[in-house]
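Participant: Could you have a look at this structure, given as structure tokens, before my questions?
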Amino acid sequence: MSEKIIRLRAAAPSEEHVFKIKYADLLNPEQLAAVTHRDGPILVVAGAGSGKTRTLIYRVARLIESGVPPGSILLLTFTRRAATEMLRRAEEIVGDRAGKVAGGTFHSFANTVLRRMGSMIELAPNYTILDRSDSEDVINLIRTRMGLGSRERRFPKKGTVAEAISMARNKRQTLEVEIEADFPHLFEHLSEIMELARQYEDYKRERGLLDYDDLLYRLAELLEQHERARRRMSDTYRYIMIDEYQDTNLIQADLVRLLGAEHRNVMAVGDDAQSIYSFRGANFRNIMDFPALFPGAKVVKLEENYRSTQGILDLANDVLSRARDKYTKTLFTKRAGEFRPILVRAPDEHMQSRFVAQRILELREEGADLNEIAVLFRSSFHSFDLELELQRRGIPFIKRGGFKFIEAAHIKDVLAHLRVIANPADAVSWLRVLAIIKGIGPRTAGPAADAIATSRDPAGALAQLGTSARGGSQSGLKRLGAMLAELRRPGIRPADQIAVVLEYYAPLMREAYADDHPRRERDLEHFQNLSERYRSLEQMLADMALEPPTDSLAGVLAADPDDECVTLSTIHSAKGLEWKAVFIIWAADGRFPGPQSIDEGSLEEERRLMYVASTRARDELYLSYPIYMFDRNFGHTMGRASRFIEDVPIELLPTATLAEEEDAAD
DNA sequence: TACAAGTAAGTTTTT
DNA sequence: CTTACTTGTA
């Protein structure tokens, strides 16, 4: 006869006294609801400036305080910067425990997992990550090999083909559907492009290459096909948070579904009105569909804005109110202030630049920190004239977005040498490495690169090539072989490897870029400095592909990063950031929206972009455009205000015109 | 066959 | 400014 057992349950530590942080005092009721939510799916729809980041940070703190091990929290963000910044702020609240939280972009997370578990799906752990231009190089190579693009029938450019292929994958569509919908002008080449895409896939698989899309696809493949991997992931990461959910695409949503399937502890945070990445396959409907992905998801809305003054919000709301898809959100604030944004009509581009520079100097006089000022624009080249003007007046700035340091040909050259060390099967990098040598052109380099990459003994294959090669290339190949041997020295640090490459590459570069090699040499020095942080070559290469230094080339040279400086940024790169004073330049039809955004779908996205731009400002917002615009196609034309602000009532957006100062006594 | 030099045309946003 | 393609030269 067994005795009956009565089990005692531990008292639920439900009350707030367990927590050191007084959440209720620090957060509004909606934020609090999101922060104190513990288990199960939750969607936080957070308007611009509504304390979204704050909410995420306190949720991390709260989970940690509740006894959740920091290592079992995964924070997926749009950039690594965003993740590190959030975790830094969480550390200020709960101490360095927060540093153990796993965080990064979808791509970097996928990379970490695939390096560790990729062998389960026949993926060698030393794969190389192809950035966009690498992919284009591969596509170009295959195109030439297929004999496409003869004189009679022009073939689309590699960039366009790469874009179509990537877009199809990001939207989970067949190439055929994608091309028909978004690239109708490529339709006549459909069958060739499809064959090219097939060969591109094979090429990557055979040579251990992964492009950005592969990182996501192969992680999904791993999780879908291997119960064990899926279990391990969801055991490791019990709590998942995703920031900027409106800019995820279907594969990313799939990854979230797979990662959260076991425990369903998933928090998605985003704002449908700020969806600006559809060109990357993002779909703002994703955020609406979150409750369908995780039925029973709690939904919290944050609508109170803590960032901007009412005048700025009035303009932002007005821009959004004309959107085709009506959003229910209307931002409001309790912040007092009479400031109204102003639309400045400049006679020409240079006057616009002078206005911005002058106003920046005035703001500094008024006591503003230069770090609190930003100039935003639709396309990276819109700031060229302003950059010159700022330089002329000695106003320090950094530029974000646009052409990146890492994309410069000479940096890519140096990286290619390191990449063939990390992954000898990386034929794209071999191609680059070989083509640098004098006497070797594309005709020779192509097959040679493939021979080396697929060889069991790449170093031997290279040496053999050196002896059989004709003419002048022999000595070059010999030098390359010797240099690579030195790179393979066991225990060598990445920074020293770069030093070895530079010694070899510098003379070659001086010849190849005779006109401007001093500038490029400074870049290489900068690169060498960057590399000092790394202890593993693999990590450095992955970082360079996934989270390259965000400063563009111009910015690196223009300012010491420690100094106070104005930020120039594309609107895309300004996402999630805020400044005291913001200028939006080139707010002109034909630039913003640009000439390629004439269809209704992309116009809607451009409008959201204007919304994002204007909600970056806390206290002051200036929009401007030049009246006389020079256009390559139309010559000089009269500029008009961007259609997104054209109909804004003048009370919400007063205008001003620039005039030269009268010549007073000097 | 490799490559320099010259011409013509296209140019968003990013992991 | 970059890239793609042509032409001329070694």
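Scheme for the structure tokens: letters A, B, ... for chains in order shown; per-chain residue numbers from 1; ligand numbers from 1 in order shown.
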Go through chain A and flag each residue having an atom no more than 10 Å from chain B; for those, report the closest pair of atoms plus their distance in Å to one decimal, using only C-alpha atoms (C1' of nucleotides), ordered by chain and rising number, as CSV.

Facilitator:
residue,atom,partner,partner_atom,distance
A:Phe78,CA,B:DT15,C1',8.5
A:Thr79,CA,B:DT15,C1',8.4
A:Thr105,CA,B:DT15,C1',8.1
A:Phe106,CA,B:DT15,C1',8.4
A:His107,CA,B:DT15,C1',6.6
A:Ser108,CA,B:DT15,C1',8.9
A:Asp131,CA,B:DT15,C1',8.7
A:Arg132,CA,B:DT15,C1',9.4
A:Asp211,CA,B:DT15,C1',9.9
A:Tyr212,CA,B:DT15,C1',6.5
A:Asp213,CA,B:DT15,C1',8.7
A:Ile276,CA,B:DT13,C1',8.4
A:Tyr277,CA,B:DT13,C1',7.6
A:Ser278,CA,B:DT13,C1',9.6
A:Phe279,CA,B:DT13,C1',7.6
A:Arg280,CA,B:DT14,C1',7.6
A:Arg378,CA,B:DT12,C1',7.5
A:Ser379,CA,B:DT12,C1',5.7
A:Ser380,CA,B:DT12,C1',8.0
A:Phe381,CA,B:DT12,C1',9.7
A:Gly401,CA,B:DT14,C1',8.6
A:Gly402,CA,B:DT13,C1',8.7
A:Lys438,CA,B:DA2,C1',9.5
A:Gly439,CA,B:DA2,C1',6.7
A:Ile440,CA,B:DA2,C1',7.1
A:Gly441,CA,B:DA2,C1',5.9
A:Pro442,CA,B:DA2,C1',8.6
A:Arg443,CA,B:DT1,C1',7.9
A:Thr444,CA,B:DT1,C1',8.9
A:Ala545,CA,B:DT15,C1',8.8
A:Leu546,CA,B:DT15,C1',6.5
A:Glu547,CA,B:DT15,C1',8.0
A:Thr570,CA,B:DT13,C1',7.9
A:Ile571,CA,B:DT13,C1',8.1
A:His572,CA,B:DT13,C1',6.1
A:Ser573,CA,B:DT14,C1',8.6
A:Arg591,CA,B:DT12,C1',9.7
A:Pro593,CA,B:DT12,C1',9.9
A:Gly594,CA,B:DT12,C1',7.8
A:Pro595,CA,B:DT12,C1',9.7
A:Gln596,CA,B:DT12,C1',8.4
A:Ser597,CA,B:DT12,C1',9.4
A:Leu609,CA,B:DT13,C1',9.9

Participant: Tell me which protein, DNA and RNA residues are within 7 Å of region 367-372 of chain A, counting only C-alpha atoms (C1' of nucleotides), leaving out same-chain ones fewer than 6 positions away, and put them as a list in words.

Facilitator: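 Using only C-alpha atoms (C1' of nucleotides), the neighbours found are Glu564, Cys565, Val566, Thr567, Trp579, Lys580 and Ala581 of chain A.
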
Participant: Please tabulate, as a Markdown table, the residues of chain C that come within 10 Å of chain A, each with its closest pair of atoms and the distance in Å to one decimal, counting only C-alpha atoms (C1' of nucleotides) and ordering rows by chain, then residue number upward.

Facilitator:
| residue | atom | partner | partner_atom | distance |
| --- | --- | --- | --- | --- |
| C:DT3 | C1' | A:Lys157 | CA | 9.4 |
| C:DA4 | C1' | A:Lys157 | CA | 8.6 |
| C:DC5 | C1' | A:Arg151 | CA | 9.1 |

Participant: Rounded to one decimal, what separation in Å do you get between CA of Ala261 (chain A) and CA of Leu74 (chain A)?

Facilitator: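 Between CA of Ala261 (chain A) and CA of Leu74 (chain A) the gap works out to 14.5 Å.
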
Participant: Output as a CSV table (one decimal) with C-alpha atoms, in the first residue's frame all residues of region 408-502 of chain A that backbone DSSP marks as helix (DSSP H, G or I).

Facilitator:
chain,number,residue,atom,x,y,z
A,409,ALA,CA,39.4,47.6,-55.3
A,410,HIS,CA,42.7,47.7,-53.4
A,411,ILE,CA,41.1,46.5,-50.1
A,412,LYS,CA,39.4,43.7,-51.9
A,413,ASP,CA,42.7,42.7,-53.5
A,414,VAL,CA,44.4,42.4,-50.1
A,415,LEU,CA,41.4,40.5,-48.7
A,416,ALA,CA,41.5,38.0,-51.6
A,417,HIS,CA,45.0,36.9,-50.6
A,418,LEU,CA,43.8,36.2,-47.1
A,419,ARG,CA,40.7,34.4,-48.3
A,420,VAL,CA,42.6,31.9,-50.4
A,421,ILE,CA,44.5,31.0,-47.2
A,422,ALA,CA,41.3,30.5,-45.2
A,427,ALA,CA,38.0,30.3,-56.8
A,428,VAL,CA,36.8,33.9,-57.0
A,429,SER,CA,39.6,35.0,-54.7
A,430,TRP,CA,42.1,33.0,-56.7
A,431,LEU,CA,40.9,34.8,-59.8
A,432,ARG,CA,41.5,38.1,-58.2
A,433,VAL,CA,44.9,37.1,-56.8
A,434,LEU,CA,46.1,35.8,-60.2
A,435,ALA,CA,44.8,38.7,-62.3
A,436,ILE,CA,46.9,41.1,-60.3
A,442,PRO,CA,41.2,37.1,-67.6
A,443,ARG,CA,41.8,34.5,-70.3
A,444,THR,CA,44.6,32.8,-68.3
A,445,ALA,CA,43.4,33.6,-64.8
A,446,GLY,CA,39.9,31.9,-65.2
A,447,PRO,CA,40.9,28.4,-65.9
A,448,ALA,CA,44.1,28.7,-63.7
A,449,ALA,CA,42.0,29.8,-60.7
A,450,ASP,CA,39.7,26.9,-61.2
A,451,ALA,CA,42.5,24.4,-61.5
A,452,ILE,CA,44.1,25.6,-58.3
A,453,ALA,CA,40.8,25.9,-56.4
A,454,THR,CA,39.7,22.4,-57.2
A,458,PRO,CA,46.6,24.2,-54.2
A,459,ALA,CA,50.1,25.4,-53.3
A,460,GLY,CA,51.5,22.7,-55.6
A,461,ALA,CA,49.1,23.5,-58.4
A,462,LEU,CA,50.2,27.2,-58.1
A,463,ALA,CA,53.9,26.2,-58.3
A,464,GLN,CA,53.2,24.1,-61.3
A,465,LEU,CA,51.4,26.9,-63.0
A,466,GLY,CA,54.5,29.0,-62.3
A,467,THR,CA,56.8,26.6,-64.2
A,468,SER,CA,54.5,26.0,-67.1
A,473,SER,CA,54.2,35.9,-65.5
A,474,GLN,CA,56.7,33.3,-64.2
A,475,SER,CA,58.5,35.5,-61.7
A,476,GLY,CA,55.2,37.0,-60.5
A,477,LEU,CA,53.8,33.6,-59.8
A,478,LYS,CA,56.9,32.6,-58.0
A,479,ARG,CA,56.7,35.6,-55.7
A,480,LEU,CA,53.0,34.9,-55.1
A,481,GLY,CA,53.8,31.3,-54.1
A,482,ALA,CA,56.5,32.4,-51.6
A,483,MET,CA,54.3,35.0,-50.1
A,484,LEU,CA,51.4,32.6,-49.6
A,485,ALA,CA,53.7,30.1,-48.0
A,486,GLU,CA,54.6,32.7,-45.4
A,487,LEU,CA,50.9,33.5,-44.8
A,494,PRO,CA,45.9,38.3,-38.8
A,495,ALA,CA,47.6,41.7,-38.5
A,496,ASP,CA,51.0,40.1,-39.4
A,497,GLN,CA,49.4,38.3,-42.3
A,498,ILE,CA,48.2,41.6,-43.6
A,499,ALA,CA,51.6,43.1,-43.2
A,500,VAL,CA,53.0,40.2,-45.4
A,501,VAL,CA,50.4,40.8,-48.0
A,502,LEU,CA,51.0,44.5,-48.1

Participant: Hey, what's within 6 Å of Ile42 (chain A) if we count only C-alpha atoms (C1' of nucleotides) and toss same-chain stuff fewer than 2 positions away? As an mmCIF file with N, CA, C and O atoms, in the first residue's frame, please?

Facilitator:
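To be explicit, this is the file written out as around39.cif:
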data_model
loop_
_atom_site.group_PDB
_atom_site.id
_atom_site.type_symbol
_atom_site.label_atom_id
_atom_site.label_comp_id
_atom_site.auth_asym_id
_atom_site.auth_seq_id
_atom_site.Cartn_x
_atom_site.Cartn_y
_atom_site.Cartn_z
ATOM 1 N N MET A 267 9.732 37.579 -29.153
ATOM 2 C CA MET A 267 9.216 38.941 -29.144
ATOM 3 C C MET A 267 9.663 39.644 -30.423
ATOM 4 O O MET A 267 10.852 39.727 -30.703
ATOM 5 N N ALA A 297 -0.409 35.271 -30.146
ATOM 6 C CA ALA A 297 0.569 36.284 -29.773
ATOM 7 C C ALA A 297 -0.121 37.495 -29.161
ATOM 8 O O ALA A 297 -1.142 37.958 -29.658
ATOM 9 N N LYS A 298 0.466 37.971 -28.082
ATOM 10 C CA LYS A 298 -0.021 39.196 -27.470
ATOM 11 C C LYS A 298 0.448 40.374 -28.324
ATOM 12 O O LYS A 298 1.539 40.328 -28.888
ATOM 13 N N VAL A 299 -0.385 41.393 -28.475
ATOM 14 C CA VAL A 299 0.017 42.552 -29.270
ATOM 15 C C VAL A 299 -0.004 43.807 -28.401
ATOM 16 O O VAL A 299 -0.983 44.083 -27.717
#
